[in-house]
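A.B. asks: Following this line is model_10.cif, made up of mmCIF, C-alpha atoms:
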data_target
#
loop_
_atom_site.label_atom_id
_atom_site.label_comp_id
_atom_site.auth_asym_id
_atom_site.auth_seq_id
_atom_site.Cartn_x
_atom_site.Cartn_y
_atom_site.Cartn_z
CA MET A 407 -23.71 -11.71 -16.31
CA ASN A 408 -26.11 -12.61 -13.48
CA VAL A 409 -27.15 -10.25 -10.69
CA ASP A 410 -24.65 -11.72 -8.21
CA ALA A 411 -21.76 -11.24 -10.63
CA LYS A 412 -22.82 -7.68 -11.35
CA ASN A 413 -22.90 -6.94 -7.63
CA ARG A 414 -19.39 -8.38 -7.25
CA ALA A 415 -18.26 -6.17 -10.12
CA THR A 416 -19.39 -2.95 -8.42
CA ALA A 417 -16.19 -1.15 -7.52
CA LYS A 418 -15.60 0.40 -4.12
CA LEU A 419 -14.09 3.89 -3.84
CA GLY A 420 -11.13 4.80 -1.67
CA LEU A 421 -9.01 7.89 -1.06
CA TYR A 422 -5.23 7.88 -0.81
CA VAL A 423 -3.56 10.94 0.77
CA HIS A 424 0.18 11.30 0.27
CA TRP A 425 2.09 13.30 2.88
CA PRO A 426 5.61 13.70 1.47
CA TYR A 427 7.55 14.96 4.49
CA CYS A 428 9.95 12.79 6.52
CA ALA A 429 12.40 13.48 9.33
CA ARG A 430 15.05 11.73 7.21
CA ILE A 431 15.21 9.90 3.90
CA CYS A 432 15.85 6.17 4.27
CA PRO A 433 18.51 4.74 1.91
CA TYR A 434 16.12 2.12 0.46
CA CYS A 435 13.19 4.49 -0.15
CA ASP A 436 12.19 5.54 -3.66
CA PHE A 437 8.86 7.13 -2.70
CA ASN A 438 8.15 10.79 -3.35
CA VAL A 439 9.50 12.23 -0.11
CA ARG A 440 11.01 15.50 1.16
CA ARG A 441 12.98 16.32 4.28
CA ASP A 442 10.83 17.86 6.99
CA ARG A 443 12.83 20.89 8.06
CA GLY A 444 10.05 22.56 10.00
CA GLN A 445 8.86 24.41 6.89
CA ASP A 446 5.29 25.63 6.44
CA THR A 447 3.03 22.79 5.30
CA ASP A 448 -0.38 24.42 5.72
CA PHE A 449 -0.27 25.48 2.06
CA LEU A 450 -0.21 21.80 1.10
CA VAL A 451 -3.15 20.91 3.34
CA GLU A 452 -5.10 23.81 1.83
CA ALA A 453 -4.36 22.47 -1.65
CA MET A 454 -5.34 18.92 -0.64
CA VAL A 455 -8.66 20.12 0.73
CA ALA A 456 -9.43 22.03 -2.48
CA ASP A 457 -8.37 19.04 -4.56
CA ILE A 458 -10.70 16.70 -2.66
CA HIS A 459 -13.67 19.04 -3.02
CA GLY A 460 -13.26 19.06 -6.80
CA TRP A 461 -13.27 15.31 -7.25
CA HIS A 462 -16.91 14.46 -6.62
CA GLY A 463 -18.08 16.07 -9.84
CA ARG A 464 -15.45 14.35 -12.01
CA LEU A 465 -16.30 10.73 -11.31
CA ASP A 466 -18.76 8.75 -13.39
CA THR A 467 -20.28 7.21 -10.26
CA PRO A 468 -19.32 9.04 -7.06
CA LYS A 469 -20.06 7.03 -3.93
CA PRO A 470 -19.24 7.05 -0.21
CA LEU A 471 -15.62 6.30 0.63
CA SER A 472 -14.98 2.78 1.88
CA SER A 473 -11.43 3.62 2.98
CA ILE A 474 -8.97 6.47 3.42
CA SER A 475 -5.25 5.81 3.61
CA PHE A 476 -2.65 8.35 4.72
CA GLY A 477 0.75 7.34 3.38
CA GLY A 478 4.05 8.97 2.62
CA GLY A 479 6.44 10.13 3.63
CA THR A 480 5.42 10.19 7.23
CA PRO A 481 1.78 11.22 7.72
CA SER A 482 2.12 10.84 11.49
CA ARG A 483 3.90 14.21 11.26
CA LEU A 484 0.58 15.84 10.36
CA THR A 485 -0.92 17.94 13.11
CA ALA A 486 -4.33 16.97 14.44
CA GLN A 487 -5.80 20.13 12.92
CA GLN A 488 -4.36 19.31 9.49
CA LEU A 489 -5.74 15.78 9.67
CA ARG A 490 -9.12 17.13 10.77
CA GLU A 491 -9.32 19.46 7.76
CA ILE A 492 -8.49 16.71 5.26
CA LEU A 493 -10.98 14.25 6.78
CA ALA A 494 -13.69 16.90 6.92
CA ALA A 495 -13.21 17.66 3.22
CA ALA A 496 -13.44 13.96 2.37
CA GLU A 497 -16.61 13.43 4.38
CA THR A 498 -18.27 16.58 3.04
CA SER A 499 -17.45 15.71 -0.55
CA PHE A 500 -18.22 11.98 -0.58
CA GLY A 501 -19.59 10.79 2.72
CA PHE A 502 -18.23 7.77 4.55
CA ALA A 503 -19.37 4.16 4.19
CA PRO A 504 -20.66 2.76 7.52
CA ALA A 505 -17.55 0.65 8.22
CA ILE A 506 -14.96 2.95 6.69
CA GLU A 507 -11.32 2.12 7.36
CA ILE A 508 -9.13 5.17 8.03
CA SER A 509 -5.49 4.13 8.14
CA LEU A 510 -2.35 6.10 8.79
CA GLU A 511 1.34 5.23 8.52
CA ALA A 512 3.56 6.25 11.41
CA ASN A 513 7.21 6.21 12.43
CA PRO A 514 8.05 5.09 15.98
CA THR A 515 9.83 8.41 16.60
CA ASP A 516 6.52 10.24 16.21
CA GLN A 517 4.94 8.44 19.15
CA HIS A 518 3.08 10.86 21.35
CA ASP A 519 0.22 9.85 23.59
CA GLU A 520 -1.76 13.05 23.00
CA ARG A 521 -1.28 12.99 19.23
CA TYR A 522 -2.21 9.31 18.96
CA GLY A 523 -5.30 10.05 21.03
CA GLN A 524 -6.24 12.96 18.78
CA PHE A 525 -5.80 10.88 15.64
CA ALA A 526 -7.98 8.11 17.06
CA ALA A 527 -10.64 10.61 18.11
CA LEU A 528 -10.73 11.97 14.55
CA GLY A 529 -11.56 8.51 13.22
CA VAL A 530 -8.21 6.85 12.48
CA ASN A 531 -8.89 3.22 13.29
CA ARG A 532 -5.82 1.54 11.80
CA LEU A 533 -2.19 2.51 12.45
CA SER A 534 0.72 1.05 10.53
CA LEU A 535 4.08 1.40 12.27
CA GLY A 536 7.25 1.37 10.18
CA ILE A 537 9.41 -0.60 12.61
CA GLN A 538 11.42 -2.49 9.94
CA SER A 539 13.59 -4.45 12.39
CA LEU A 540 13.93 -5.44 16.05
CA ASP A 541 17.72 -5.27 15.84
CA ASP A 542 19.47 -1.95 16.51
CA HIS A 543 22.34 -2.69 14.13
CA GLU A 544 19.91 -3.48 11.33
CA LEU A 545 17.97 -0.31 12.09
CA MET A 546 21.16 1.72 11.72
CA PHE A 547 21.92 0.02 8.40
CA LEU A 548 18.39 0.82 7.18
CA GLY A 549 18.83 4.46 8.11
CA ARG A 550 16.06 4.45 10.70
CA ASP A 551 16.06 7.03 13.47
CA HIS A 552 14.51 4.83 16.15
CA THR A 553 15.75 1.99 18.33
CA THR A 554 14.18 -1.34 19.14
CA GLN A 555 13.20 0.01 22.56
CA SER A 556 11.49 3.10 21.17
CA ALA A 557 9.72 0.98 18.54
CA LEU A 558 8.28 -1.32 21.19
CA ALA A 559 7.20 1.68 23.26
CA ALA A 560 5.44 3.16 20.22
CA LEU A 561 3.79 -0.17 19.53
CA GLU A 562 2.45 -0.44 23.06
CA MET A 563 1.11 3.10 22.92
CA ALA A 564 -0.53 2.52 19.55
CA GLN A 565 -2.28 -0.63 20.74
CA GLN A 566 -3.90 1.38 23.51
CA LYS A 567 -5.34 3.92 21.06
CA PHE A 568 -6.22 2.21 17.77
CA ALA A 569 -8.56 -0.63 16.88
CA VAL A 570 -6.02 -2.26 14.56
CA VAL A 571 -2.23 -1.90 14.68
CA SER A 572 0.03 -3.27 11.98
CA ALA A 573 3.80 -3.16 11.68
CA ASP A 574 6.18 -3.20 8.71
CA PHE A 575 9.42 -5.18 8.66
CA ILE A 576 12.14 -5.71 6.05
CA TYR A 577 14.09 -8.90 5.40
CA GLY A 578 16.60 -9.96 2.77
CA LEU A 579 19.31 -7.77 4.28
CA PRO A 580 22.99 -8.28 3.37
CA GLU A 581 24.46 -11.38 5.00
CA GLN A 582 21.06 -12.35 6.40
CA THR A 583 20.57 -16.12 6.46
CA VAL A 584 17.46 -18.22 6.88
CA GLY A 585 18.64 -18.93 10.42
CA THR A 586 19.08 -15.29 11.44
CA TRP A 587 15.79 -14.31 9.80
CA HIS A 588 14.08 -17.25 11.54
CA THR A 589 15.27 -15.87 14.89
CA SER A 590 14.14 -12.32 14.04
CA LEU A 591 10.79 -13.46 12.72
CA ASP A 592 10.13 -15.50 15.86
CA LYS A 593 10.41 -12.24 17.82
CA ILE A 594 8.19 -10.38 15.36
CA VAL A 595 5.45 -13.01 15.42
CA GLY A 596 5.80 -13.07 19.21
CA LEU A 597 4.70 -9.43 19.40
CA GLY A 598 1.12 -10.68 19.14
CA LEU A 599 0.09 -8.25 16.41
CA ASP A 600 -2.99 -8.92 14.30
CA HIS A 601 -1.39 -7.74 11.05
CA LEU A 602 2.15 -7.73 9.64
CA SER A 603 3.64 -6.39 6.42
CA LEU A 604 6.89 -8.23 5.67
CA TYR A 605 8.82 -6.89 2.70
CA CYS A 606 11.93 -8.28 1.07
CA LEU A 607 14.51 -5.55 0.56
CA THR A 608 14.65 -4.41 -3.05
CA ILE A 609 17.26 -2.04 -4.39
CA GLU A 610 15.37 0.67 -6.26
CA PRO A 611 17.08 2.89 -8.88
CA GLY A 612 18.13 6.30 -7.62
CA THR A 613 18.22 5.35 -3.95
CA ALA A 614 21.28 5.57 -1.71
CA PHE A 615 21.39 1.77 -1.59
CA ALA A 616 21.42 1.60 -5.39
CA LYS A 617 24.48 3.86 -5.46
CA GLN A 618 26.20 1.71 -2.84
CA GLN A 619 25.42 -1.39 -4.87
CA GLN A 620 26.85 0.19 -8.01
CA ARG A 621 30.08 0.90 -6.12
CA GLY A 622 30.27 -2.71 -4.95
CA GLN A 623 29.65 -1.73 -1.33
CA LEU A 624 26.30 -3.49 -0.93
CA HIS A 625 25.47 -7.13 -1.63
CA VAL A 626 21.95 -8.48 -1.09
CA PRO A 627 20.82 -12.12 -1.18
CA ASN A 628 20.46 -13.69 -4.63
CA ASP A 629 17.15 -15.00 -5.98
CA ASP A 630 17.59 -18.50 -4.55
CA LYS A 631 18.37 -17.20 -1.06
CA THR A 632 15.49 -14.73 -1.32
CA ALA A 633 13.15 -17.59 -2.16
CA ASP A 634 14.39 -19.48 0.92
CA LEU A 635 13.79 -16.42 3.10
CA TYR A 636 10.29 -16.06 1.65
CA ALA A 637 9.53 -19.74 2.32
CA CYS A 638 10.72 -19.32 5.91
CA THR A 639 8.46 -16.29 6.25
CA GLN A 640 5.40 -18.22 5.08
CA GLU A 641 6.14 -21.18 7.34
CA LEU A 642 6.63 -19.18 10.53
CA THR A 643 3.79 -16.73 10.04
CA THR A 644 1.34 -19.50 9.22
CA ALA A 645 2.44 -21.45 12.30
CA GLY A 646 2.02 -18.28 14.34
CA GLY A 647 -1.56 -17.72 13.18
CA LEU A 648 -0.66 -14.98 10.67
CA PRO A 649 -0.99 -16.56 7.22
CA ALA A 650 -0.40 -14.47 4.12
CA TYR A 651 -3.38 -13.03 2.27
CA GLU A 652 -1.09 -11.17 -0.14
CA ILE A 653 2.57 -11.72 -1.06
CA SER A 654 3.86 -9.44 1.71
CA ASN A 655 0.88 -9.09 4.05
CA HIS A 656 -0.29 -11.34 6.86
CA CYS A 657 -3.16 -11.24 9.34
CA ARG A 658 -5.03 -13.34 11.86
CA THR A 659 -8.54 -13.05 10.41
CA LYS A 660 -10.17 -11.90 7.19
CA ALA A 661 -11.66 -8.91 9.01
CA LEU A 662 -8.15 -7.62 9.80
CA ARG A 663 -6.99 -7.38 6.20
CA SER A 664 -6.09 -3.91 4.95
CA ALA A 665 -9.32 -2.72 3.33
CA HIS A 666 -7.59 0.07 1.46
CA ASN A 667 -4.78 -2.03 0.03
CA LEU A 668 -7.39 -4.56 -1.09
CA LEU A 669 -8.80 -1.81 -3.32
CA TYR A 670 -5.52 -1.81 -5.24
CA TRP A 671 -5.16 -5.57 -5.47
CA GLN A 672 -8.82 -6.21 -6.34
CA GLY A 673 -8.98 -3.48 -8.97
CA ASP A 674 -11.42 -1.15 -7.24
CA ASP A 675 -11.30 2.66 -7.63
CA TRP A 676 -9.29 5.18 -5.66
CA ILE A 677 -8.51 8.87 -5.80
CA GLY A 678 -4.95 10.02 -5.14
CA ILE A 679 -4.47 13.30 -3.27
CA GLY A 680 -1.16 15.03 -2.58
CA PRO A 681 2.15 15.37 -4.43
CA GLY A 682 3.14 12.25 -6.34
CA ALA A 683 -0.08 10.38 -5.53
CA HIS A 684 -1.71 8.23 -8.21
CA GLY A 685 -5.35 7.30 -8.70
CA ARG A 686 -7.43 4.86 -10.75
CA VAL A 687 -11.00 5.97 -11.44
CA GLN A 688 -13.74 5.90 -14.07
CA ILE A 689 -14.13 9.21 -15.90
CA GLY A 690 -16.05 9.59 -19.13
CA GLY A 691 -16.70 5.88 -19.38
CA SER A 692 -13.02 4.90 -19.25
CA ARG A 693 -10.59 3.91 -16.54
CA GLN A 694 -8.09 6.68 -16.00
CA ALA A 695 -4.61 6.59 -14.54
CA ILE A 696 -4.27 9.87 -12.64
CA PRO A 697 -0.72 11.00 -11.66
CA ASN A 698 -0.19 14.12 -9.55
CA HIS A 699 2.68 16.60 -9.68
CA ARG A 700 5.49 15.35 -7.45
CA ASN A 701 6.76 18.68 -6.15
CA PRO A 702 4.56 19.98 -3.29
CA LYS A 703 4.63 23.59 -4.51
CA GLN A 704 3.90 22.58 -8.11
CA TYR A 705 1.07 20.37 -6.90
CA ALA A 706 -0.44 23.21 -4.85
CA GLN A 707 -0.05 25.63 -7.75
CA ALA A 708 -1.77 23.20 -10.12
CA VAL A 709 -4.71 22.84 -7.73
CA GLN A 710 -5.00 26.61 -7.49
CA GLN A 711 -4.88 27.07 -11.28
CA THR A 712 -6.79 24.05 -12.57
CA GLY A 713 -8.77 22.68 -9.60
CA TRP A 714 -6.73 19.52 -9.21
CA GLY A 715 -3.07 18.52 -8.84
CA VAL A 716 -2.91 16.23 -11.84
CA ILE A 717 -0.18 16.28 -14.48
CA THR A 718 -2.02 14.60 -17.38
CA PRO A 719 -4.70 11.91 -17.02
CA GLU A 720 -4.07 8.78 -19.08
CA THR A 721 -6.92 6.71 -20.49
CA LEU A 722 -6.01 3.06 -20.00
CA SER A 723 -6.74 0.80 -22.95
CA PRO A 724 -8.79 -2.30 -22.07
CA SER A 725 -5.70 -4.50 -22.56
CA ASP A 726 -3.51 -2.30 -20.35
CA ASP A 727 -6.26 -2.15 -17.76
CA LEU A 728 -6.58 -5.94 -17.78
CA ALA A 729 -2.79 -6.35 -17.45
CA GLU A 730 -2.65 -4.09 -14.42
CA ARG A 731 -5.59 -5.81 -12.75
CA LEU A 732 -4.09 -9.25 -13.38
CA MET A 733 -0.64 -8.43 -11.99
CA LEU A 734 -2.11 -6.90 -8.86
CA GLY A 735 -4.86 -9.47 -8.38
CA LEU A 736 -2.52 -12.45 -8.59
CA ARG A 737 -0.66 -11.08 -5.56
CA LEU A 738 -3.62 -12.17 -3.42
CA THR A 739 -3.37 -15.67 -1.99
CA HIS A 740 -7.13 -16.09 -2.35
CA GLY A 741 -6.89 -14.98 -5.97
CA ILE A 742 -8.87 -12.66 -8.20
CA ASP A 743 -12.36 -13.11 -9.65
CA LEU A 744 -11.72 -13.66 -13.37
CA ASP A 745 -15.22 -12.67 -14.47
CA VAL A 746 -15.18 -9.44 -12.46
CA MET A 747 -11.68 -8.55 -13.62
CA GLN A 748 -12.55 -9.05 -17.28
CA MET A 749 -15.88 -7.22 -16.98
CA ARG A 750 -14.26 -4.19 -15.35
CA ALA A 751 -11.47 -4.07 -17.92
CA GLY A 752 -13.75 -4.67 -20.88
CA CYS A 753 -11.26 -7.22 -22.16
CA THR A 754 -10.68 -10.96 -21.80
CA LEU A 755 -7.62 -13.16 -21.36
CA ASP A 756 -6.65 -15.41 -24.23
CA ALA A 757 -8.39 -18.73 -23.55
CA SER A 758 -5.57 -20.88 -24.94
CA ARG A 759 -2.91 -19.15 -22.80
CA LEU A 760 -5.13 -19.46 -19.75
CA GLN A 761 -5.66 -23.17 -20.44
CA GLN A 762 -1.93 -23.75 -20.93
CA ALA A 763 -1.01 -21.91 -17.71
CA CYS A 764 -3.47 -24.10 -15.82
CA ALA A 765 -2.06 -27.23 -17.46
CA ASP A 766 1.46 -26.13 -16.50
CA ARG A 767 0.25 -25.62 -12.93
CA GLN A 768 1.40 -22.00 -12.91
CA ILE A 769 -2.09 -20.93 -11.94
CA GLY A 770 -5.25 -22.54 -10.65
CA LEU A 771 -8.79 -21.74 -11.72
CA SER A 772 -11.56 -22.73 -9.31
CA GLY A 773 -14.92 -21.60 -10.60
CA THR A 774 -14.24 -17.98 -11.49
CA VAL A 775 -11.34 -17.52 -9.07
CA LEU A 776 -7.85 -17.31 -10.57
CA GLN A 777 -4.89 -17.99 -8.25
CA THR A 778 -1.15 -18.19 -8.75
CA ARG A 779 0.70 -21.27 -7.58
CA SER A 780 4.02 -19.39 -7.46
CA PRO A 781 3.66 -16.05 -5.62
CA LEU A 782 7.23 -14.95 -6.31
CA LEU A 783 6.67 -15.38 -10.06
CA VAL A 784 3.51 -13.29 -10.34
CA ASP A 785 4.91 -10.82 -12.87
CA ARG A 786 6.29 -13.60 -15.08
CA ILE A 787 3.05 -15.56 -14.97
CA ALA A 788 1.01 -12.48 -15.79
CA PHE A 789 3.33 -11.76 -18.72
CA LEU A 790 2.82 -15.27 -20.10
CA LEU A 791 -0.96 -14.88 -19.85
CA LEU A 792 -0.93 -11.53 -21.59
CA VAL A 793 1.67 -11.71 -24.36
#
What does this structure look like when you write it as structure tokens?
C.D. replies:
Amino acid sequence: MNVDAKNRATAKLGLYVHWPYCARICPYCDFNVRRDRGQDTDFLVEAMVADIHGWHGRLDTPKPLSSISFGGGTPSRLTAQQLREILAAAETSFGFAPAIEISLEANPTDQHDERYGQFAALGVNRLSLGIQSLDDHELMFLGRDHTTQSALAALEMAQQKFAVVSADFIYGLPEQTVGTWHTSLDKIVGLGLDHLSLYCLTIEPGTAFAKQQQRGQLHVPNDDKTADLYACTQELTTAGGLPAYEISNHCRTKALRSAHNLLYWQGDDWIGIGPGAHGRVQIGGSRQAIPNHRNPKQYAQAVQQTGWGVITPETLSPSDDLAERLMLGLRLTHGIDLDVMQMRAGCTLDASRLQQACADRQIGLSGTVLQTRSPLLVDRIAFLLLV
């Protein structure tokens, strides 16, 4: 592999921090979340700080962090002091890359001018607002505790404080048609945001929506209607200057893409901190899948006893590593570098399957860049390339 290819293959390092507490649990959510009942959470921050400090010595090649992402849960419920302690631990342990992205997810109900200002002053330069809909009836159905008016107020406040503001929305709701989604999406694109995350509603096992569906009380669009809604989404966002760069993510320029999420899709490295967080890093010459304890108290206890909050690290086989990289990389509209992917995994795709998929126009291969021609069929295409 030439010098340029080796440079492309050098993985970046990110940090994901999972804050599990929420004011309420949304009926579609299957993330590791807990109700915020005003309980003490400083014990968890203390554990996170200790966990971060222990990571530098475990990695094969520690390097400055290129991104930090606070997700959840609702990390906007962190206090400024708690956020300061976590960021300080990260900077002390790893250092920050010059253009580090520090992103934080927020609910519109947590809007507070002083808190937003404090977060921005601490280095948060990207805020992602979980708006989900601009229709009050849809917000009630989705179990959200904000209104359209409060969401727009939060959005305006965020734009005054943060360099980049993104917003999440959900489509594919019961009885939603292409026409009604077209109308909603016109309003969303009209907000003038630089980045949007537009997710089709999926019914995850164990959620309140899954139970409603099992009882016959909830009916979501079928696959054909979902495909129509997705096509509408691509058409309107592209026309509005927000083309997709990943199946569910849209932005105005390359510079506004989510740097941290690109780590996942491009197969870079990241450390997961907090209950239920996952990481992918090189330890002992192998790529490791690192899952943390899901219960906050168990996580904190594990950090205290062992130095980190991990359940049991799993060494990924080269073939499993390649499969994961392929399924995530094909989500990107600009594709994944085949040479880099194979070099990092230490495994190659079957040449005959790759040739057949290209002949069937399921994927395209331009130079070393592999792209899907059917974004909604990424998992199926990856399966055909791997099995």
A.B. asks: Given the PyMOL selection byres ((chain A and resi 551-564) around 12) and the file above, list the residues it selects as a ChimeraX atom specification.
C.D. replies: /A:428-432,482,510-526,530-550,565-575,593-594,597-599
A.B. asks: Can you tell me, as a PDB file with C-alpha atoms, in the frame of the given file, what residues are no more than 7 Å from stretch 680-694 of chain A when counting all atoms listed in the file, ignoring any on the same chain fewer than 4 positions away?
C.D. replies:
ATOM      1  CA  VAL A 423      -3.560  10.940   0.770  1.00  0.00           C
ATOM      2  CA  HIS A 424       0.180  11.300   0.270  1.00  0.00           C
ATOM      3  CA  TRP A 425       2.090  13.300   2.880  1.00  0.00           C
ATOM      4  CA  ASN A 438       8.150  10.790  -3.350  1.00  0.00           C
ATOM      5  CA  MET A 454      -5.340  18.920  -0.640  1.00  0.00           C
ATOM      6  CA  ARG A 464     -15.450  14.350 -12.010  1.00  0.00           C
ATOM      7  CA  LEU A 465     -16.300  10.730 -11.310  1.00  0.00           C
ATOM      8  CA  ASP A 466     -18.760   8.750 -13.390  1.00  0.00           C
ATOM      9  CA  ASP A 675     -11.300   2.660  -7.630  1.00  0.00           C
ATOM     10  CA  TRP A 676      -9.290   5.180  -5.660  1.00  0.00           C
ATOM     11  CA  ASN A 698      -0.190  14.120  -9.550  1.00  0.00           C
ATOM     12  CA  HIS A 699       2.680  16.600  -9.680  1.00  0.00           C
ATOM     13  CA  ARG A 700       5.490  15.350  -7.450  1.00  0.00           C
ATOM     14  CA  ASN A 701       6.760  18.680  -6.150  1.00  0.00           C
ATOM     15  CA  PRO A 702       4.560  19.980  -3.290  1.00  0.00           C
ATOM     16  CA  TYR A 705       1.070  20.370  -6.900  1.00  0.00           C
ATOM     17  CA  PRO A 719      -4.700  11.910 -17.020  1.00  0.00           C
ATOM     18  CA  GLU A 720      -4.070   8.780 -19.080  1.00  0.00           C
ATOM     19  CA  THR A 721      -6.920   6.710 -20.490  1.00  0.00           C
ATOM     20  CA  LEU A 722      -6.010   3.060 -20.000  1.00  0.00           C
TER      21      LEU A 722
END
A.B. asks: Using the chain letters and numbers from the file, which residues does the PyMOL selection byres ((chain A and resi 765-768) around 8) grab, as a PyMOL selection string?
C.D. replies: chain A and resi 761-764+769-770+778-780+787
A.B. asks: Could you list, as a list in words, every residue within 7 Å of A:Gly479, counting all atoms listed in the file and ignoring same-chain residues fewer than 2 positions away?
C.D. replies: Trp425, Pro426, Tyr427, Cys428, Val439, Gly477 and Pro481 of chain A
A.B. asks: Do you know which residues are at most 10 Å from stretch 655-669 of chain A counting all atoms listed in the file, after dropping those on the same chain fewer than 5 positions away, and could you put them as an NGL selection string?
C.D. replies: :A and (417-422 or 472-475 or 506-509 or 532 or 569-572 or 574 or 598-605 or 640 or 643-644 or 646-650 or 674-676 or 734-735 or 737-739)
A.B. asks: Can you work out which one of A:Val626, A:Leu489, A:Gln618, A:Phe476 has the shortest atom-to-atom distance to A:Pro580, counting only C-alpha atoms?
C.D. replies: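 Counting only C-alpha atoms, the residue closest to A:Pro580 is A:Val626.
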A.B. asks: Which neighbours of A:Val451 fall inside 8 Å, counting all atoms listed in the file, when residues of the same chain fewer than 6 positions from it are skipped, and could you give them as a list in words?
C.D. replies: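 My reading of the contact set: Gln488, Glu491 and Ile492 of chain A.
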A.B. asks: Quick one: which residues end up in the PyMOL selection byres ((chain A and resi 614) around 12) for this structure, as an MDAnalysis selection string?
C.D. replies: chainID A and resid 431:436 547:549 609:613 615:621 623:624
A.B. asks: Using all atoms listed in the file, which of the listed residues (A:Thr589, A:Ser723, A:Thr754, A:Gln445) sits closest to A:Leu635?
C.D. replies: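 When distances to A:Leu635 are compared using all atoms listed in the file, the smallest one comes from A:Thr589.
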A.B. asks: For A:Gly585, which residue among A:Thr639, A:Gln704, A:Gln777, A:Arg750 is the nearest when counting all atoms listed in the file?
C.D. replies: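 Distance minimum relative to A:Gly585 lands on A:Thr639.
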A.B. asks: Which is closest to A:Gly460 among A:Gly713, A:Gly578, A:Gly741, A:Pro724, if we use only C-alpha atoms?
C.D. replies: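 Once distances to A:Gly460 are computed over only C-alpha atoms, the minimum belongs to A:Gly713.
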A.B. asks: Take atom CA of A:Leu744 and atom CA of A:Thr774 and report the distance between them in Å, one decimal.
C.D. replies: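 Separation of atom CA of A:Leu744 and atom CA of A:Thr774: 5.3 Å.
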A.B. asks: Check the smallest atom-to-atom distance from each of A:Leu736, A:Cys753, A:Ala788, A:His625 to A:Leu776 using all atoms listed in the file, then report the winner.
C.D. replies: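 Result for the nearest residue to A:Leu776: A:Leu736.
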